[in-house]
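Q: This one is entry_23.cif, mmCIF, C-alpha atoms.
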data_coords
#
loop_
_atom_site.label_atom_id
_atom_site.label_comp_id
_atom_site.auth_asym_id
_atom_site.auth_seq_id
_atom_site.Cartn_x
_atom_site.Cartn_y
_atom_site.Cartn_z
CA MET A 21 25.80 -144.96 -76.18
CA LEU A 22 27.15 -141.45 -75.56
CA LEU A 23 30.71 -142.61 -76.23
CA GLN A 24 29.57 -144.40 -79.38
CA ASN A 25 27.89 -141.19 -80.54
CA GLU A 26 31.09 -139.24 -79.91
CA VAL A 27 33.21 -141.76 -81.83
CA THR A 28 30.80 -141.61 -84.79
CA ARG A 29 30.85 -137.84 -84.62
CA LEU A 30 34.64 -137.79 -84.58
CA LYS A 31 34.75 -140.07 -87.62
CA GLN A 32 32.39 -137.75 -89.49
CA THR A 33 34.43 -134.73 -88.44
CA TYR A 34 37.68 -136.21 -89.74
CA ARG A 35 36.00 -137.32 -92.95
CA ALA A 36 34.53 -133.84 -93.55
CA ARG A 37 37.86 -132.25 -92.61
CA SER A 38 39.80 -134.42 -95.06
CA VAL A 39 37.40 -133.83 -97.96
CA ALA A 40 37.25 -130.08 -97.22
CA SER A 41 41.05 -129.95 -97.08
CA VAL A 42 41.32 -131.65 -100.50
CA ILE A 43 38.68 -129.31 -101.99
CA ASN A 44 40.41 -126.21 -100.58
CA SER A 45 43.84 -127.31 -101.83
CA LEU A 46 42.41 -128.08 -105.27
CA CYS A 47 40.71 -124.66 -105.49
CA LYS A 48 43.91 -122.93 -104.40
CA SER A 49 46.07 -124.75 -106.95
CA ALA A 50 43.45 -124.43 -109.71
CA GLY A 51 43.68 -120.64 -109.39
CA TYR A 52 47.45 -120.58 -109.97
CA VAL A 53 47.31 -123.16 -112.77
CA SER A 54 44.57 -121.25 -114.63
CA PHE A 55 46.48 -117.93 -114.34
CA THR A 56 49.63 -119.58 -115.68
CA ILE A 57 47.72 -121.12 -118.61
CA CYS A 58 45.98 -117.80 -119.38
CA ALA A 59 49.30 -115.90 -119.26
CA TYR A 60 50.91 -118.50 -121.54
CA LEU A 61 48.03 -118.38 -124.04
CA ALA A 62 48.03 -114.57 -124.06
CA VAL A 63 51.76 -114.34 -124.71
CA ASP A 64 51.67 -117.20 -127.20
CA SER A 65 48.94 -115.54 -129.28
CA ILE A 66 50.87 -112.25 -129.56
CA ALA A 67 54.44 -113.54 -129.84
CA GLY A 68 55.97 -113.90 -133.30
CA LYS A 69 53.30 -111.86 -135.09
CA GLU A 70 54.15 -108.96 -137.41
CA THR A 71 53.61 -105.49 -136.06
CA HIS A 72 50.46 -103.90 -137.40
CA ALA A 73 49.62 -100.23 -137.10
CA SER A 74 47.04 -100.82 -134.39
CA LEU A 75 49.48 -103.00 -132.41
CA SER A 76 52.23 -100.37 -132.55
CA VAL A 77 49.83 -97.80 -131.13
CA LEU A 78 48.90 -100.34 -128.47
CA ALA A 79 52.58 -100.89 -127.75
CA GLU A 80 53.13 -97.15 -127.16
CA VAL A 81 50.25 -97.04 -124.73
CA SER A 82 51.47 -100.25 -123.11
CA THR A 83 54.91 -98.83 -122.34
CA LYS A 84 53.30 -96.16 -120.16
CA GLN A 85 50.92 -98.72 -118.66
CA ASN A 86 53.78 -101.12 -117.93
CA THR A 87 55.54 -98.51 -115.81
CA THR A 88 52.33 -97.92 -113.85
CA LEU A 89 51.70 -101.68 -113.50
CA GLY A 90 55.32 -102.28 -112.49
CA VAL A 91 55.13 -99.60 -109.79
CA ALA A 92 51.77 -101.00 -108.58
CA LEU A 93 53.26 -104.51 -108.42
CA ALA A 94 56.30 -103.27 -106.49
CA ILE A 95 54.09 -101.40 -103.98
CA ALA A 96 51.89 -104.50 -103.57
CA LEU A 97 54.97 -106.67 -102.93
CA LEU A 98 56.23 -104.16 -100.35
CA GLY A 99 52.78 -104.27 -98.70
CA ILE A 100 52.92 -108.07 -98.50
CA TRP A 101 56.43 -107.95 -97.03
CA TYR A 102 55.33 -105.33 -94.45
CA GLY A 103 52.23 -107.38 -93.51
CA ASN A 104 54.32 -110.52 -93.03
CA ALA A 105 56.89 -108.64 -90.93
CA GLN A 106 54.11 -107.27 -88.70
CA ARG A 107 52.64 -110.78 -88.35
CA LYS A 108 56.01 -112.19 -87.24
CA GLU A 109 56.36 -109.35 -84.72
CA LYS A 110 52.89 -110.15 -83.33
CA GLN A 111 53.83 -113.83 -83.01
CA ARG A 112 57.02 -112.88 -81.15
CA THR A 113 55.02 -110.67 -78.77
CA ILE A 114 52.54 -113.50 -78.12
CA GLN A 115 55.41 -115.93 -77.44
CA HIS A 116 57.02 -113.39 -75.11
CA PHE A 117 53.92 -113.04 -72.91
CA GLU A 118 52.45 -116.56 -73.25
CA ASN A 119 54.49 -118.23 -70.53
CA ASN A 120 53.76 -115.53 -67.92
CA LYS A 121 50.06 -115.59 -68.72
CA ARG A 122 49.93 -119.38 -68.40
CA LEU A 123 51.74 -119.30 -65.04
CA ILE A 124 49.42 -116.60 -63.67
CA GLU A 125 46.30 -118.47 -64.81
CA GLU A 126 47.57 -121.79 -63.43
CA SER A 127 48.18 -120.18 -60.04
CA ILE A 128 44.47 -119.20 -59.98
CA ASP A 129 43.01 -122.31 -61.68
CA SER A 130 45.18 -125.40 -61.29
CA ASN A 131 42.98 -127.38 -63.72
CA ARG A 132 43.42 -124.82 -66.49
CA LYS A 133 43.09 -126.37 -69.97
CA SER A 134 45.12 -125.04 -72.88
CA SER A 135 44.17 -124.58 -76.53
CA LEU A 136 47.29 -126.57 -77.50
CA LEU A 137 48.58 -124.06 -80.03
CA ASN A 138 52.29 -123.34 -80.44
CA PRO A 139 53.62 -120.79 -77.91
CA ASN A 140 53.58 -118.11 -80.64
CA GLY A 141 49.89 -118.73 -81.37
CA THR A 142 50.32 -120.71 -84.61
CA THR A 143 48.79 -124.11 -85.42
CA ARG A 144 50.77 -127.16 -84.27
CA GLN A 145 52.19 -129.36 -87.02
CA ASP A 146 50.21 -132.36 -85.65
CA ASP A 147 46.92 -130.50 -86.10
CA LYS A 148 47.54 -129.74 -89.76
CA LEU A 149 46.14 -132.26 -92.25
CA MET B 95 55.35 -105.66 -129.46
CA ASN B 96 57.48 -106.62 -126.48
CA SER B 97 55.69 -104.13 -124.28
CA VAL B 98 52.35 -105.78 -125.19
CA ILE B 99 53.74 -109.12 -124.04
CA VAL B 100 55.11 -107.52 -120.87
CA THR B 101 51.67 -105.96 -120.23
CA SER B 102 49.93 -109.33 -120.41
CA ILE B 103 52.57 -110.95 -118.18
CA LEU B 104 52.28 -108.09 -115.67
CA PHE B 105 48.49 -108.30 -115.78
CA PHE B 106 48.47 -112.02 -114.98
CA ALA B 107 51.17 -111.52 -112.33
CA ILE B 108 48.88 -108.99 -110.62
CA VAL B 109 45.86 -111.33 -110.90
CA ALA B 110 47.96 -114.21 -109.49
CA MET B 111 49.12 -111.96 -106.66
CA ALA B 112 45.51 -111.02 -105.90
CA TRP B 113 44.70 -114.73 -105.76
CA TYR B 114 47.68 -115.33 -103.43
CA LEU B 115 46.45 -112.46 -101.24
CA TYR B 116 43.01 -114.06 -100.97
CA SER B 117 43.86 -117.77 -100.84
CA THR B 118 46.85 -117.58 -98.48
CA LEU B 119 47.38 -114.23 -96.76
CA TYR B 120 43.70 -113.33 -96.28
CA LYS B 121 42.85 -116.86 -95.06
CA ASP B 122 45.75 -116.75 -92.57
CA TYR B 123 44.65 -113.31 -91.44
CA ILE B 124 41.04 -114.32 -90.75
CA VAL B 125 42.23 -117.39 -88.79
CA ASP B 126 44.41 -115.11 -86.63
CA HIS B 127 41.54 -112.63 -86.28
CA PHE B 128 39.11 -115.39 -85.25
CA ARG B 129 41.57 -116.90 -82.75
CA GLN B 130 42.23 -113.48 -81.22
CA ARG B 131 38.51 -112.87 -80.70
CA ILE B 132 38.02 -116.32 -79.14
CA PHE B 133 41.08 -115.76 -76.90
CA GLU B 134 39.53 -112.48 -75.73
CA LEU B 135 36.26 -114.29 -74.99
CA ARG B 136 38.11 -117.05 -73.10
CA ASP B 137 40.06 -114.50 -71.06
CA ASP B 138 36.85 -112.62 -70.21
CA LEU B 139 35.28 -115.89 -69.05
CA PHE B 140 38.38 -116.61 -66.95
CA VAL B 141 38.13 -113.18 -65.31
CA GLU B 142 34.42 -113.76 -64.58
CA ALA B 143 35.30 -117.06 -62.89
CA SER B 144 38.18 -115.54 -60.92
CA ASN B 145 35.74 -112.83 -59.73
CA GLY B 146 33.57 -115.61 -58.34
CA ARG B 147 30.65 -115.39 -60.76
CA ILE B 148 31.09 -119.09 -61.57
CA ASP B 149 33.25 -121.81 -60.08
CA PHE B 150 36.30 -122.97 -62.08
CA ASN B 151 35.28 -126.58 -61.40
CA HIS B 152 31.68 -126.12 -62.48
CA PRO B 153 30.79 -128.30 -65.53
CA ALA B 154 29.25 -125.32 -67.37
CA TYR B 155 32.55 -123.40 -67.14
CA GLY B 156 34.44 -126.54 -68.24
CA ILE B 157 32.18 -127.05 -71.27
CA MET B 158 32.52 -123.41 -72.36
CA ARG B 159 36.29 -123.39 -71.84
CA ARG B 160 36.81 -126.68 -73.72
CA THR B 161 34.58 -125.51 -76.59
CA LEU B 162 36.51 -122.23 -76.87
CA ASN B 163 39.78 -124.21 -76.82
CA GLY B 164 38.45 -126.50 -79.55
CA PHE B 165 37.58 -123.50 -81.72
CA ILE B 166 41.02 -121.95 -81.18
CA ARG B 167 42.84 -125.20 -81.94
CA PHE B 168 41.00 -126.13 -85.13
CA ALA B 169 40.15 -122.63 -86.41
CA HIS B 170 42.29 -123.22 -89.50
CA GLU B 171 39.98 -126.05 -90.58
CA LEU B 172 36.69 -124.30 -89.92
CA THR B 173 35.72 -123.34 -93.46
CA LEU B 174 32.38 -123.00 -95.23
CA SER B 175 33.11 -126.17 -97.24
CA HIS B 176 33.83 -128.07 -94.00
CA VAL B 177 30.55 -126.90 -92.44
CA LEU B 178 28.53 -127.87 -95.53
CA LEU B 179 30.25 -131.26 -95.81
CA MET B 180 29.68 -131.95 -92.13
CA THR B 181 25.96 -131.26 -92.58
CA PHE B 182 25.92 -133.59 -95.59
CA PHE B 183 27.67 -136.45 -93.74
CA CYS B 184 25.49 -136.04 -90.64
CA LYS B 185 22.30 -136.26 -92.68
CA LYS B 186 23.40 -139.70 -93.80
CA ASP B 187 24.36 -140.94 -90.35
CA MET B 188 21.64 -141.09 -87.71
CA MET B 189 24.06 -141.49 -84.81
CA ALA B 190 26.08 -138.47 -85.87
CA LYS B 191 22.82 -136.58 -86.27
CA ASN B 192 21.99 -137.35 -82.64
CA ALA B 193 25.39 -136.11 -81.52
CA LYS B 194 24.77 -132.82 -83.37
CA HIS B 195 23.17 -131.34 -80.25
CA ALA B 196 25.76 -132.78 -77.82
CA PHE B 197 26.98 -129.32 -76.81
CA GLN B 198 23.47 -127.95 -76.38
CA ASN B 199 22.37 -130.97 -74.29
CA GLU B 200 25.49 -131.01 -72.09
CA LEU B 201 25.31 -127.27 -71.49
CA ASN B 202 21.61 -127.49 -70.58
CA VAL B 203 22.33 -130.23 -68.00
CA ALA B 204 25.34 -128.35 -66.63
CA CYS B 205 23.38 -125.09 -66.29
CA GLU B 206 20.57 -126.72 -64.29
CA ASP B 207 22.16 -126.13 -60.87
CA LEU B 208 23.52 -122.68 -61.70
CA ASP B 209 21.94 -119.55 -60.23
CA GLU B 210 20.08 -117.26 -62.61
CA ASP B 211 22.90 -114.70 -62.86
CA SER B 212 25.61 -117.24 -63.74
CA LYS B 213 23.31 -119.04 -66.16
CA LYS B 214 22.60 -115.76 -67.93
CA MET B 215 26.31 -115.02 -68.09
CA ILE B 216 27.17 -118.43 -69.63
CA LEU B 217 24.38 -118.14 -72.20
CA ASN B 218 25.56 -114.65 -73.04
CA TYR B 219 29.06 -116.03 -73.71
CA ARG B 220 27.54 -118.68 -75.96
CA LYS B 221 25.67 -115.99 -77.89
CA LYS B 222 28.88 -113.99 -78.33
CA LEU B 223 30.69 -117.15 -79.47
CA ASN B 224 27.97 -117.89 -82.03
CA ASN B 225 28.25 -114.38 -83.45
CA ILE B 226 32.03 -114.69 -83.77
CA VAL B 227 31.75 -118.10 -85.49
CA ARG B 228 29.04 -116.85 -87.85
CA SER B 229 31.02 -113.80 -88.93
CA TYR B 230 34.17 -115.93 -89.34
CA ILE B 231 32.44 -118.37 -91.72
CA LEU B 232 31.01 -115.41 -93.61
CA MET B 233 34.48 -113.89 -93.92
CA ASP B 234 35.95 -117.22 -95.07
CA ALA B 235 34.07 -117.32 -98.37
CA PRO B 236 32.09 -114.09 -98.73
CA ILE B 237 31.03 -114.57 -102.36
CA ILE B 238 29.93 -118.22 -102.04
CA PHE B 239 28.17 -117.44 -98.77
CA THR B 240 26.22 -114.55 -100.37
CA ILE B 241 25.20 -116.78 -103.30
CA ILE B 242 23.96 -119.51 -100.90
CA ILE B 243 21.98 -117.07 -98.77
CA LEU B 244 20.49 -115.28 -101.79
CA GLY B 245 19.67 -118.66 -103.32
CA ARG B 246 17.89 -119.75 -100.17
CA ILE B 247 15.94 -116.51 -99.95
CA LEU B 248 15.05 -116.38 -103.64
CA VAL B 249 14.25 -120.07 -104.11
CA ALA B 250 13.06 -121.31 -100.72
CA THR B 251 10.81 -118.37 -99.84
CA PRO B 252 8.60 -118.43 -103.00
CA ALA B 253 8.38 -122.23 -102.66
CA ILE B 254 7.08 -121.83 -99.10
CA ILE B 255 4.66 -119.09 -100.24
CA LEU B 256 3.22 -121.51 -102.78
CA LEU B 257 3.10 -124.50 -100.46
CA PHE B 258 2.27 -122.92 -97.10
CA SER B 259 0.88 -119.75 -95.66
CA TYR B 260 2.09 -116.17 -96.04
CA GLU B 261 3.08 -115.96 -92.33
CA LYS B 262 5.31 -119.00 -92.63
CA SER B 263 7.03 -117.53 -95.67
CA ILE B 264 7.72 -114.28 -93.81
CA LYS B 265 9.17 -116.27 -90.91
CA ALA B 266 11.36 -118.28 -93.29
CA PHE B 267 12.54 -115.09 -95.00
CA LYS B 268 13.47 -113.49 -91.67
CA TYR B 269 15.22 -116.69 -90.52
CA ASN B 270 17.27 -116.93 -93.71
CA ALA B 271 18.15 -113.26 -93.74
CA GLN B 272 18.90 -112.75 -90.04
CA LYS B 273 20.19 -116.09 -88.80
CA PRO B 274 22.24 -117.64 -91.56
CA LEU B 275 23.86 -120.92 -90.48
CA ALA B 276 21.85 -120.96 -87.23
CA SER B 277 21.10 -124.67 -87.45
CA LYS B 278 24.69 -125.47 -88.37
CA ILE B 279 26.22 -123.53 -85.46
CA CYS B 280 24.89 -126.17 -83.03
CA SER B 281 26.75 -128.84 -84.94
CA ILE B 282 29.97 -126.79 -85.04
CA GLU B 283 29.79 -126.14 -81.29
CA SER B 284 29.51 -129.88 -80.62
CA GLU B 285 32.50 -130.50 -82.87
CA ALA B 286 34.53 -127.84 -81.05
CA LEU B 287 33.61 -129.37 -77.68
CA LEU B 288 34.84 -132.76 -78.91
CA ALA B 289 38.02 -131.19 -80.28
CA GLY B 290 38.60 -129.43 -76.96
CA ARG B 291 38.44 -132.78 -75.17
CA ILE B 292 41.04 -134.51 -77.37
#
In structure tokens, how does this file's structure come out?
A:
Amino acid sequence: MLLQNEVTRLKQTYRARSVASVINSLCKSAGYVSFTICAYLAVDSIAGKETHASLSVLAEVSTKQNTTLGVALAIALLGIWYGNAQRKEKQRTIQHFENNKRLIEESIDSNRKSSLLNPNGTTRQDDKL
Amino acid sequence: MNSVIVTSILFFAIVAMAWYLYSTLYKDYIVDHFRQRIFELRDDLFVEASNGRIDFNHPAYGIMRRTLNGFIRFAHELTLSHVLLMTFFCKKDMMAKNAKHAFQNELNVACEDLDEDSKKMILNYRKKLNNIVRSYILMDAPIIFTIIILGRILVATPAIILLFSYEKSIKAFKYNAQKPLASKICSIESEALLAGRI
């Protein structure tokens, strides 16, 4: 009965996991698709139109804004690169110490169970849906 | 004119980057953060056992260790949507509903022959684990989570006031405000224990 319960539970877990994974992927992609469509529509509505007085004023302001936005974008990209580099360094450090830690713990507890992650602390390919 | 077009492209590039930051980098970061905190908890438990506060071969230690391992291994899939879907599927299946408290039941049985000090220590670790899991789910989808909690407080509490007594409504309000996801944590723990056994 207990085993049957566990099997049912596992089935429900995998079902929930699969549906959640599909929902999450859809949400993630929907974000990018909607931004692309919005960007296209915005450019499409402005492109090819004659320059009016109000638009030329807007264009002057925009040139200054573009520089600011460009700098902000560049700083954000640098931040992302720095964050990723730090993450890789952390993973290397984990990998460096993992084997020693495992050996020490196994010498104390021979029945030690592992979390079955990759040595650098990332998710195994088999565990990804 | 061109600069207007460039502005709109730059604007959407920044919005898309913000979305990338949230949907990919932030999600990866909170998984790493969660795993690190569970690793710390697991190491602390290991040190307690090596200091002789509980035996390595005791079932209670095994259950806690396997559950922590399960959380570490499948942390990337523990999202708010997963928790809500799991609750939905379990409501439909009686057998799965029974298995919801598997962790709780097994831990209770395992703790029976433990001395008071060790039992207290194990339960304390469980409490810490619950707090970490709760804050992780909250961090996963902060806006949706806030809407759900506010919805429960704003809709459920007046309904209880109308249907039941004032005291019950106050209790429900406190429960919703202080212990969000409390009933679902049991189910997640049982899942993690199962995952730790695979």
Q: Residues of chain A within 6 Å of chain B, counting only C-alpha atoms - could you list those as a list of chain:residue names?
A: A:Asn25, A:Thr28, A:Arg29, A:Ala36, A:Arg37, A:Ala40, A:Ala59, A:Val63, A:Ala79, A:Ser82, A:Thr83, A:Asn86, A:Ser135
Q: For the atom pair CA of Asn224 in chain B and CA of Ile132 in chain B, what is the interatomic distance in Å to one decimal place?
A: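 Atom-to-atom, CA of Asn224 in chain B to CA of Ile132 in chain B, that is 10.6 Å.
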Q: Could you jot down the CA of Ile247 in chain B to CA of Arg228 in chain B separation for me, Å, one decimal place?
A: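 Separation between CA of Ile247 in chain B and CA of Arg228 in chain B: 17.8 Å.
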Q: Could you work out how far CA of Tyr120 in chain B lies from CA of Ala92 in chain A, giving the answer in Å with one decimal?
A: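 One can read the CA of Ala92 in chain A to CA of Tyr120 in chain B distance as 19.2 Å.
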